[in-house]
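coords_33.cif (mmCIF, C-alpha atoms)
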data_query
loop_
_atom_site.label_atom_id
_atom_site.label_comp_id
_atom_site.auth_asym_id
_atom_site.auth_seq_id
_atom_site.Cartn_x
_atom_site.Cartn_y
_atom_site.Cartn_z
CA MET A 1 120.95 -161.81 112.44
CA ALA A 2 119.86 -158.32 113.39
CA VAL A 3 121.77 -155.39 111.97
CA ARG A 4 124.11 -153.84 114.52
CA THR A 5 125.83 -150.50 114.70
CA PRO A 6 129.53 -150.96 113.91
CA GLY A 7 132.02 -150.17 116.67
CA LEU A 8 129.85 -150.95 119.69
CA SER A 9 130.66 -153.55 122.31
CA GLY A 10 127.60 -153.68 124.53
CA VAL A 11 124.03 -152.52 124.95
CA LEU A 12 124.64 -149.73 127.48
CA LEU A 13 126.25 -146.47 126.43
CA PRO A 14 127.25 -144.19 129.32
CA ALA A 15 126.27 -140.56 128.62
CA VAL A 16 128.97 -138.21 129.91
CA ARG A 17 129.36 -134.45 130.12
CA ASP A 18 132.88 -133.84 131.39
CA ALA A 19 136.24 -135.49 132.11
CA ALA A 20 135.09 -136.67 135.55
CA SER A 21 132.07 -138.58 134.27
CA LEU A 22 134.16 -139.92 131.35
CA HIS A 23 136.66 -141.38 133.80
CA GLN A 24 133.89 -142.85 135.96
CA ALA A 25 132.58 -144.74 132.93
CA LEU A 26 136.05 -145.91 131.92
CA ASP A 27 136.86 -146.99 135.49
CA LEU A 28 133.78 -149.22 135.41
CA GLY A 29 135.28 -150.92 132.36
CA TYR A 30 133.19 -149.36 129.61
CA ARG A 31 134.81 -149.30 126.16
CA GLN A 32 132.23 -146.88 124.70
CA VAL A 33 130.74 -143.53 125.74
CA LEU A 34 128.45 -140.84 124.42
CA VAL A 35 129.44 -137.23 125.05
CA GLU A 36 125.90 -135.88 125.42
CA ARG A 37 126.39 -132.38 126.87
CA GLY A 38 129.08 -130.11 128.26
CA SER A 39 132.02 -128.48 126.52
CA LEU A 40 133.83 -130.86 124.21
CA LEU A 41 136.72 -128.41 124.12
CA ALA A 42 137.18 -128.68 127.89
CA MET A 43 137.80 -132.44 127.60
CA VAL A 44 139.85 -132.80 124.39
CA GLY A 45 142.88 -134.26 126.19
CA PRO A 46 141.06 -137.14 127.94
CA LEU A 47 138.97 -137.80 124.81
CA ALA A 48 141.97 -138.05 122.48
CA ILE A 49 143.83 -140.34 124.91
CA SER A 50 140.79 -142.59 125.36
CA ALA A 51 140.22 -142.77 121.62
CA ARG A 52 143.85 -143.83 121.10
CA GLN A 53 143.27 -146.61 123.62
CA GLY A 54 140.43 -147.92 121.48
CA ILE A 55 137.47 -146.48 123.37
CA ALA A 56 134.56 -145.86 120.98
CA ILE A 57 133.49 -142.25 121.57
CA PHE A 58 130.33 -140.76 120.10
CA VAL A 59 129.44 -137.06 120.32
CA ASN A 60 125.99 -135.47 120.29
CA LEU A 61 126.70 -132.43 118.12
CA ASP A 62 123.32 -130.90 119.05
CA GLY A 63 124.12 -131.07 122.75
CA VAL A 64 127.80 -130.27 123.29
CA GLU A 65 129.14 -126.75 123.45
CA GLY A 66 132.20 -125.43 121.71
CA LEU A 67 131.79 -126.89 118.22
CA ALA A 68 130.19 -125.39 115.13
CA PRO A 69 128.12 -127.84 113.08
CA ASP A 70 130.49 -127.54 110.11
CA SER A 71 133.26 -129.38 108.26
CA ALA A 72 136.09 -127.86 110.29
CA ALA A 73 134.56 -129.20 113.50
CA LEU A 74 133.95 -132.63 111.95
CA ALA A 75 137.55 -132.81 110.68
CA PHE A 76 138.76 -131.99 114.21
CA VAL A 77 136.52 -134.63 115.78
CA ALA A 78 137.49 -137.31 113.27
CA THR A 79 141.16 -136.59 112.61
CA ASP A 80 142.58 -134.75 115.61
CA LEU A 81 140.55 -136.49 118.33
CA GLY A 82 139.98 -139.82 116.58
CA LEU A 83 136.40 -140.16 117.79
CA SER A 84 134.13 -142.88 116.39
CA GLY A 85 130.93 -141.13 115.44
CA VAL A 86 128.54 -138.23 115.77
CA LEU A 87 124.86 -137.76 116.53
CA SER A 88 122.71 -134.94 115.19
CA VAL A 89 119.12 -134.19 114.20
CA LYS A 90 120.45 -132.43 111.09
CA PRO A 91 120.77 -134.66 107.99
CA HIS A 92 123.27 -132.32 106.28
CA VAL A 93 125.63 -132.50 109.26
CA LEU A 94 125.54 -136.31 109.09
CA LYS A 95 126.19 -136.23 105.36
CA ASP A 96 129.31 -134.12 106.00
CA ALA A 97 130.33 -136.44 108.83
CA SER A 98 130.19 -139.51 106.60
CA ARG A 99 132.91 -137.93 104.42
CA PHE A 100 135.22 -138.00 107.45
CA ARG A 101 134.56 -141.72 108.01
CA LEU A 102 132.65 -141.00 111.18
CA ARG A 103 129.76 -143.27 112.13
CA THR A 104 126.58 -141.26 111.73
CA ILE A 105 123.65 -141.58 114.10
CA GLN A 106 120.61 -139.48 113.32
CA ARG A 107 118.78 -138.14 116.35
CA ILE A 108 115.00 -138.22 116.15
CA HIS A 109 113.02 -136.22 118.68
CA ALA A 110 110.02 -138.21 119.84
CA LEU A 111 108.21 -135.28 121.45
CA ASP A 112 104.93 -135.31 119.55
CA SER A 113 103.60 -137.03 116.45
CA THR A 114 104.25 -134.00 114.22
CA GLY A 115 107.90 -133.80 115.19
CA LEU A 116 108.40 -137.56 114.96
CA GLU A 117 106.97 -137.65 111.45
CA THR A 118 109.14 -134.72 110.38
CA GLY A 119 112.26 -136.47 111.68
CA LEU A 120 111.40 -139.72 109.94
CA ARG A 121 110.66 -137.91 106.66
CA THR A 122 114.14 -136.40 106.55
CA LEU A 123 116.43 -139.39 106.98
CA ALA A 124 120.03 -138.61 106.06
CA SER A 125 121.68 -139.82 102.88
CA PRO A 126 123.82 -141.91 102.93
CA ALA A 127 121.66 -143.81 105.42
CA PRO A 128 122.74 -143.30 109.04
CA GLN A 129 124.24 -146.28 110.90
CA ALA A 130 121.55 -145.88 113.57
CA LEU A 131 118.68 -143.69 114.70
CA ALA A 132 118.85 -142.30 118.23
CA ILE A 133 115.35 -141.78 119.59
CA ALA A 134 115.19 -139.02 122.23
CA PRO A 135 113.88 -139.39 124.85
CA ALA A 136 114.58 -143.12 125.06
CA LEU A 137 111.61 -143.54 127.38
CA ALA A 138 109.31 -142.84 124.41
CA ILE A 139 110.64 -145.82 122.39
CA PRO A 140 107.98 -148.34 123.48
CA HIS A 141 105.36 -145.83 122.27
CA VAL A 142 106.92 -144.97 118.90
CA VAL A 143 108.79 -148.10 117.81
CA ALA A 144 105.97 -149.24 115.51
CA THR A 145 105.86 -145.87 113.74
CA VAL A 146 109.64 -145.87 113.33
CA ARG A 147 109.81 -149.47 112.12
CA ALA A 148 107.18 -148.72 109.47
CA VAL A 149 109.70 -146.34 107.90
CA THR A 150 113.16 -147.84 108.44
CA SER A 151 114.97 -150.93 109.72
CA VAL A 152 118.22 -149.24 110.82
CA PRO A 153 119.31 -150.01 114.41
CA LEU A 154 117.70 -147.91 117.14
CA TRP A 155 119.48 -146.24 120.01
CA GLY A 156 117.61 -144.77 122.93
CA THR A 157 119.04 -141.64 124.56
CA GLY A 158 117.67 -139.42 127.31
CA TYR A 159 115.79 -139.76 130.63
CA VAL A 160 116.82 -143.34 131.38
CA THR A 161 117.28 -143.11 135.14
CA THR A 162 116.84 -146.74 136.23
CA SER A 163 118.11 -150.11 135.02
CA GLU A 164 114.53 -151.34 134.82
CA GLN A 165 113.78 -148.57 132.31
CA ALA A 166 116.91 -149.45 130.32
CA GLN A 167 115.84 -153.10 130.15
CA ARG A 168 112.34 -152.12 129.07
CA ILE A 169 113.70 -149.97 126.24
CA LEU A 170 116.01 -152.75 125.04
CA ALA A 171 113.09 -155.19 125.19
CA ALA A 172 111.04 -152.78 123.04
CA GLY A 173 113.60 -153.12 120.24
CA ALA A 174 116.45 -150.70 120.93
CA GLU A 175 119.92 -152.09 120.21
CA VAL A 176 121.66 -149.63 122.51
CA VAL A 177 120.44 -147.52 125.40
CA SER A 178 122.24 -144.56 126.86
CA SER A 179 122.05 -143.31 130.44
CA SER A 180 123.73 -140.54 132.40
CA ARG A 181 123.18 -142.35 135.73
CA ARG A 182 126.12 -144.06 137.37
CA GLU A 183 123.82 -146.55 139.16
CA VAL A 184 122.65 -147.77 135.76
CA TRP A 185 126.23 -148.01 134.48
CA GLN A 186 127.12 -150.12 137.51
CA ASP A 187 124.14 -152.45 137.11
CA PHE A 188 125.01 -153.16 133.49
CA GLN A 189 128.68 -153.91 134.20
CA THR A 190 128.08 -156.50 136.92
CA MET B 1 84.31 -126.10 106.43
CA ALA B 2 82.34 -124.45 109.19
CA VAL B 3 84.29 -121.22 109.18
CA ARG B 4 83.40 -120.54 105.52
CA SER B 5 79.65 -120.84 106.22
CA SER B 6 77.29 -117.88 105.96
CA GLN B 7 77.64 -116.87 109.64
CA SER B 8 81.39 -116.43 109.39
CA PRO B 9 82.76 -115.51 112.80
CA VAL B 10 83.67 -111.96 113.66
CA ARG B 11 86.47 -110.91 115.93
CA PRO B 12 85.27 -110.49 119.51
CA LEU B 13 85.86 -107.13 121.16
CA ALA B 14 88.24 -108.58 123.71
CA ALA B 15 89.85 -111.99 124.17
CA ASP B 16 89.75 -113.55 127.65
CA ARG B 17 93.35 -113.78 128.78
CA SER B 18 92.79 -114.89 132.35
CA VAL B 19 95.06 -117.76 133.38
CA SER B 20 92.91 -118.52 136.42
CA ARG B 21 89.76 -118.86 134.30
CA LEU B 22 91.62 -121.24 131.98
CA LEU B 23 92.79 -123.36 134.93
CA GLU B 24 89.24 -123.41 136.37
CA ALA B 25 87.95 -124.64 133.03
CA PHE B 26 90.65 -127.34 133.00
CA GLU B 27 89.37 -128.52 136.38
CA ARG B 28 86.08 -129.37 134.68
CA VAL B 29 87.52 -130.69 131.38
CA PRO B 30 91.29 -131.26 131.62
CA VAL B 31 91.94 -131.42 127.89
CA ALA B 32 93.04 -128.96 125.20
CA ALA B 33 92.61 -130.01 121.56
CA THR B 34 95.58 -129.58 119.22
CA ILE B 35 94.67 -128.87 115.60
CA ARG B 36 97.09 -129.75 112.82
CA ARG B 37 94.58 -129.64 109.94
CA ALA B 38 91.66 -127.24 109.61
CA GLU B 39 89.39 -130.25 108.88
CA ASP B 40 89.69 -131.28 112.54
CA LEU B 41 88.44 -127.94 113.86
CA PRO B 42 84.66 -128.59 113.67
CA GLN B 43 84.99 -131.65 115.93
CA ALA B 44 87.07 -129.68 118.42
CA LEU B 45 84.51 -126.86 118.39
CA ALA B 46 81.72 -129.33 119.09
CA SER B 47 83.66 -131.01 121.93
CA PRO B 48 83.69 -129.85 125.56
CA VAL B 49 87.39 -128.87 125.58
CA PRO B 50 87.91 -125.35 126.96
CA ALA B 51 90.96 -124.55 124.81
CA ILE B 52 92.17 -125.22 121.28
CA PHE B 53 95.84 -125.10 120.28
CA PHE B 54 96.65 -124.42 116.63
CA LEU B 55 99.82 -126.07 115.31
CA ARG B 56 100.91 -125.49 111.73
CA ALA B 57 98.09 -123.16 110.67
CA PRO B 58 98.75 -120.53 107.97
CA ALA B 59 99.37 -117.24 109.83
CA PHE B 60 97.55 -114.95 107.47
CA HIS B 61 94.34 -117.01 107.34
CA LEU B 62 94.19 -117.69 111.04
CA GLY B 63 91.74 -114.96 112.09
CA PRO B 64 88.43 -116.70 111.24
CA LEU B 65 89.66 -119.96 112.83
CA VAL B 66 90.60 -118.23 116.08
CA TRP B 67 87.35 -116.23 116.16
CA ALA B 68 85.28 -119.37 115.57
CA VAL B 69 86.93 -120.87 118.68
CA GLN B 70 86.22 -117.75 120.72
CA ALA B 71 82.60 -117.63 119.50
CA ARG B 72 82.17 -121.03 121.21
CA GLY B 73 83.41 -119.65 124.52
CA LYS B 74 86.75 -121.47 124.19
CA MET B 75 90.27 -120.05 124.30
CA ALA B 76 92.46 -120.12 121.18
CA PHE B 77 96.22 -120.64 121.44
CA VAL B 78 98.65 -120.43 118.55
CA HIS B 79 102.01 -122.21 118.45
CA ILE B 80 104.16 -119.46 116.97
CA ASP B 81 107.24 -121.66 116.37
CA LEU B 82 105.30 -123.81 113.88
CA ILE B 83 103.12 -121.23 112.13
CA ALA B 84 104.04 -120.83 108.46
CA GLY B 85 104.69 -117.35 107.18
CA LEU B 86 105.08 -115.58 110.50
CA GLY B 87 108.34 -114.15 111.84
CA LYS B 88 109.45 -115.78 115.07
CA ASP B 89 109.97 -112.38 116.64
CA ARG B 90 108.28 -109.54 118.50
CA ALA B 91 106.38 -108.40 115.39
CA GLY B 92 105.05 -111.92 114.89
CA VAL B 93 103.87 -112.06 118.49
CA ALA B 94 102.29 -108.60 118.20
CA PHE B 95 100.42 -109.67 115.03
CA LEU B 96 98.89 -112.66 116.82
CA ALA B 97 98.12 -110.69 119.97
CA ARG B 98 96.77 -107.48 118.45
CA GLU B 99 95.59 -108.19 114.90
CA ILE B 100 94.23 -111.72 115.37
CA GLY B 101 93.46 -111.33 119.07
CA VAL B 102 94.52 -114.80 120.25
CA ASN B 103 94.01 -115.77 123.90
CA GLY B 104 97.48 -117.23 124.19
CA ILE B 105 100.75 -118.00 122.44
CA VAL B 106 102.84 -121.17 122.70
CA SER B 107 106.59 -121.21 122.11
CA SER B 108 109.76 -123.02 123.14
CA HIS B 109 111.73 -119.78 123.04
CA GLY B 110 112.14 -117.56 126.08
CA ASN B 111 112.37 -114.34 124.07
CA LEU B 112 108.97 -115.01 122.45
CA ILE B 113 107.47 -115.83 125.86
CA ALA B 114 108.69 -112.45 127.10
CA ALA B 115 107.17 -110.77 124.06
CA ALA B 116 103.86 -112.61 124.60
CA LYS B 117 103.74 -111.49 128.22
CA ALA B 118 104.51 -107.91 127.19
CA ASP B 119 101.52 -108.13 124.82
CA ARG B 120 99.39 -109.50 127.71
CA VAL B 121 98.40 -112.80 126.14
CA ILE B 122 98.65 -116.09 128.05
CA ALA B 123 102.24 -117.28 127.54
CA VAL B 124 102.76 -121.05 127.32
CA GLN B 125 106.38 -122.19 127.21
CA ARG B 126 107.21 -125.65 125.95
CA LEU B 127 109.59 -127.79 128.00
CA LEU B 128 111.02 -130.37 125.60
CA LEU B 129 112.32 -133.46 127.37
CA HIS B 130 114.81 -135.05 125.01
CA ASP B 131 117.90 -135.37 127.14
CA ASP B 132 118.11 -135.36 130.91
CA LEU B 133 121.57 -133.78 131.00
CA GLY B 134 119.97 -130.77 129.28
CA LEU B 135 117.17 -130.47 131.85
CA PRO B 136 118.94 -128.00 134.18
CA SER B 137 119.47 -125.47 131.37
CA ALA B 138 115.91 -125.96 130.10
CA LEU B 139 114.59 -125.28 133.61
CA THR B 140 116.78 -122.20 133.90
CA ALA B 141 115.35 -120.88 130.62
CA ILE B 142 111.83 -121.31 132.01
CA GLU B 143 112.71 -119.70 135.33
CA ARG B 144 114.08 -116.72 133.44
CA ALA B 145 111.10 -116.33 131.07
CA GLN B 146 108.43 -116.93 133.78
CA PRO B 147 105.67 -118.21 131.49
CA ASP B 148 102.07 -118.37 132.72
CA ILE B 149 101.90 -122.08 131.89
CA VAL B 150 104.48 -124.74 130.98
CA GLU B 151 103.65 -127.40 128.39
CA VAL B 152 105.77 -130.53 128.96
CA LEU B 153 106.51 -132.88 126.04
CA PRO B 154 106.41 -135.80 125.32
CA GLY B 155 103.40 -136.37 127.53
CA VAL B 156 103.57 -140.12 127.28
CA ILE B 157 106.65 -140.21 129.56
CA PHE B 158 105.29 -137.67 132.07
CA PRO B 159 104.16 -140.20 134.72
CA GLU B 160 107.72 -141.58 134.78
CA ILE B 161 109.54 -138.23 134.98
CA ALA B 162 107.09 -136.10 137.02
CA ASP B 163 109.27 -136.55 140.11
CA LEU B 164 112.21 -134.93 138.29
CA LEU B 165 110.09 -131.80 137.70
CA ARG B 166 108.26 -131.57 141.02
CA GLY B 167 109.19 -128.40 142.86
CA ARG B 168 111.37 -127.24 139.97
CA VAL B 169 108.65 -125.75 137.74
CA ALA B 170 106.77 -122.87 139.35
CA ALA B 171 104.09 -122.47 136.66
CA PRO B 172 101.11 -124.84 136.28
CA MET B 173 101.98 -127.70 133.93
CA ILE B 174 100.00 -129.02 131.01
CA VAL B 175 101.31 -132.05 129.18
CA GLY B 176 101.21 -133.08 125.53
CA GLY B 177 102.79 -135.29 122.89
CA LEU B 178 102.29 -138.92 121.81
CA ILE B 179 99.21 -139.33 124.04
CA THR B 180 96.84 -141.76 122.35
CA ASP B 181 94.58 -143.39 124.93
CA ALA B 182 92.48 -142.69 128.01
CA GLY B 183 94.75 -144.74 130.26
CA GLN B 184 97.68 -142.44 129.44
CA ARG B 185 95.46 -139.39 130.03
CA ALA B 186 94.49 -140.68 133.49
CA ALA B 187 98.11 -141.47 134.41
CA ILE B 188 99.31 -138.01 133.32
CA LEU B 189 96.57 -136.19 135.24
CA GLY B 190 97.25 -138.42 138.23
CA ALA B 191 100.91 -137.38 138.11
CA GLY B 192 100.02 -133.72 138.58
CA ALA B 193 99.29 -132.23 135.14
CA ARG B 194 96.45 -129.66 135.03
CA ALA B 195 95.45 -130.80 131.55
CA ILE B 196 96.66 -132.76 128.56
CA THR B 197 97.00 -131.38 125.04
CA THR B 198 96.19 -133.92 122.34
CA GLY B 199 95.24 -134.27 118.71
CA SER B 200 93.47 -137.57 119.36
CA VAL B 201 89.81 -136.78 118.70
CA ALA B 202 88.58 -139.61 120.96
CA LEU B 203 90.26 -137.94 123.97
CA TRP B 204 88.47 -134.63 123.45
CA GLN B 205 85.17 -136.07 124.73
#
For the structure just supplied, provide its representation as structure tokens.
Amino acid sequence: MAVRTPGLSGVLLPAVRDAASLHQALDLGYRQVLVERGSLLAMVGPLAISARQGIAIFVNLDGVEGLAPDSAALAFVATDLGLSGVLSVKPHVLKDASRFRLRTIQRIHALDSTGLETGLRTLASPAPQALAIAPALAIPHVVATVRAVTSVPLWGTGYVTTSEQAQRILAAGAEVVSSSRREVWQDFQT
Amino acid sequence: MAVRSSQSPVRPLAADRSVSRLLEAFERVPVAATIRRAEDLPQALASPVPAIFFLRAPAFHLGPLVWAVQARGKMAFVHIDLIAGLGKDRAGVAFLAREIGVNGIVSSHGNLIAAAKADRVIAVQRLLLHDDLGLPSALTAIERAQPDIVEVLPGVIFPEIADLLRGRVAAPMIVGGLITDAGQRAAILGAGARAITTGSVALWQ
């Protein structure tokens, strides 16, 4: 059986940026979200409540505003908010996060071959639970390069604007695909 | 290596920094070669590409490489964010513009684009497409810096996302990153890019 990221309950991960988009995803029945952008501090209430209700919440530490990439922020995310995991391109941030029992997902920028190779050369230790390839649309073009280096589960995040694209990225080998588009969320819940 | 041969290139009196001449040249050959290793330079010099982009070159040994490009009638661009040894600041930009005499500078950072424009070199700002929720702020940064040219990455997704950028980027767009075959090149140019940037030698022809 393929390795899966712990704590996830489906292949689509709604990407949210504020309390309104968080509630839209929850209203559609999603039990997992990715806070991709926006101010985390402006949505602490809804996030903490959702986490207590068992929603798996992941935060892109490179994208959200309001948090420093340090231990104090990770302690707040893990202990005060009860979130499930964090994403970052920075291996040292993920290493810190693993001490707080957060799931760690290493972001890899698939922008050009130089950057991709650099990302893959600096995998975090302990090994991340998944790699998030950004933008997800590049996954079909880079999956062979990534798989030559590691077998950890792949997430795709960024620029997925249609359900057809999401399906294509899953078919290319991603375990999870994230989208900020409500139309895509709706398609995957029906 | 060619640049160490007996006719080692000398710095030209003036570098051509005309954006319109670069775009005209791209109409004939819509490809810029990206160089990661000096060994690839001779093939780029011998190819018909009108521009060569240096990634990861050592800053303080860059002069002869840039002048060899200019001696072939091509334009030399340096990616300042990736150049070892050089400050990512105004002084670094001024070194490339005045001491080396590059035709253009590439950066993701608006403050370096402003510095490049102040030093009258062609300013190429990178637009990195990793998350769509970050696109509005990336476009705002470009609007503020007003680069001469925008380089969109990764190129391989450009045909799928070109509609998201249409009308929202004022500068001419070139497109690079993860481009490996002629079919991708055709699709990217068909979607409105003025040129591709690529390290794939086969696409330089």
Item to complete: Taking the file as shown, find all residues satisfying the PyMOL selection byres ((chain B) within 8 of (chain A)) and write them as a count of residues only.
Response: 16
*Decode the PyMOL selection byres ((chain A and resi 53) around 12) for the given file into explicit residues and return them as a ChimeraX atom specification.*
/A:26,31-32,46-52,54-57,81-83
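The space separating CA of Arg144 (chain B) from CA of Ile122 (chain B) comes to 16.4 Å.
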Around all listed atoms of region 158-172 of chain A, padded 5 Å per side, what centre and edge lengths does the axis-aligned box have in Å to one decimal, as JSON?
{"center_x": 114.6, "center_y": -147.3, "center_z": 129.6, "size_x": 17.1, "size_y": 25.8, "size_z": 23.2}
Residues matched by the PyMOL selection byres ((chain B and resi 96-106) around 7) as a PyMOL selection string: chain B and resi 15-17+63+66+75-80+92-95+107+116+119+121-125
Pick out the residues sitting within 8 Å of region 44-48 of chain B, and hand them over as a ChimeraX atom specification; count all atoms listed in the file, and ignore anything fewer than 6 positions along from it in its own chain.
/B:29,33,69,72,201,204-205
Residues from last step as file, C-alpha atoms, as an mmCIF file, keeping the file's coordinate frame:
data_model
loop_
_atom_site.group_PDB
_atom_site.id
_atom_site.type_symbol
_atom_site.label_atom_id
_atom_site.label_comp_id
_atom_site.auth_asym_id
_atom_site.auth_seq_id
_atom_site.Cartn_x
_atom_site.Cartn_y
_atom_site.Cartn_z
ATOM 1 C CA VAL B 29 87.520 -130.690 131.380
ATOM 2 C CA ALA B 33 92.610 -130.010 121.560
ATOM 3 C CA VAL B 69 86.930 -120.870 118.680
ATOM 4 C CA ARG B 72 82.170 -121.030 121.210
ATOM 5 C CA VAL B 201 89.810 -136.780 118.700
ATOM 6 C CA TRP B 204 88.470 -134.630 123.450
ATOM 7 C CA GLN B 205 85.170 -136.070 124.730
#
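With distances taken over all atoms listed in the file, B:Val175 is the one residue among B:Val19, B:Ala59, B:Val175, B:Leu164 lying closest to Val152 (chain B).
CA of Gln106 (chain A) is found 8.4 Å from CA of Val86 (chain A).
Residues in contact with Gln146 (chain B) at 9 Å, where all atoms listed in the file are counted and same-chain residues fewer than 2 positions away are skipped, are listed as Gly110, Ile113, Ala114, Ala123, Gln125, Ala141, Ile142, Glu143, Arg144, Asp148, Ile149, Ala170 and Ala171 of chain B.
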For those residues, write C-alpha atoms to a file as a PDB file, in the coordinates of the input.
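Ended up saving to selection-v7.pdb:
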ATOM      1  CA  GLY B 110     112.140-117.560 126.080  1.00  0.00           C
ATOM      2  CA  ILE B 113     107.470-115.830 125.860  1.00  0.00           C
ATOM      3  CA  ALA B 114     108.690-112.450 127.100  1.00  0.00           C
ATOM      4  CA  ALA B 123     102.240-117.280 127.540  1.00  0.00           C
ATOM      5  CA  GLN B 125     106.380-122.190 127.210  1.00  0.00           C
ATOM      6  CA  ALA B 141     115.350-120.880 130.620  1.00  0.00           C
ATOM      7  CA  ILE B 142     111.830-121.310 132.010  1.00  0.00           C
ATOM      8  CA  GLU B 143     112.710-119.700 135.330  1.00  0.00           C
ATOM      9  CA  ARG B 144     114.080-116.720 133.440  1.00  0.00           C
ATOM     10  CA  ASP B 148     102.070-118.370 132.720  1.00  0.00           C
ATOM     11  CA  ILE B 149     101.900-122.080 131.890  1.00  0.00           C
ATOM     12  CA  ALA B 170     106.770-122.870 139.350  1.00  0.00           C
ATOM     13  CA  ALA B 171     104.090-122.470 136.660  1.00  0.00           C
TER      14      ALA B 171
END
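Of note, CA of Asp62 (chain A) and CA of Leu112 (chain B) are spaced 21.7 Å apart.
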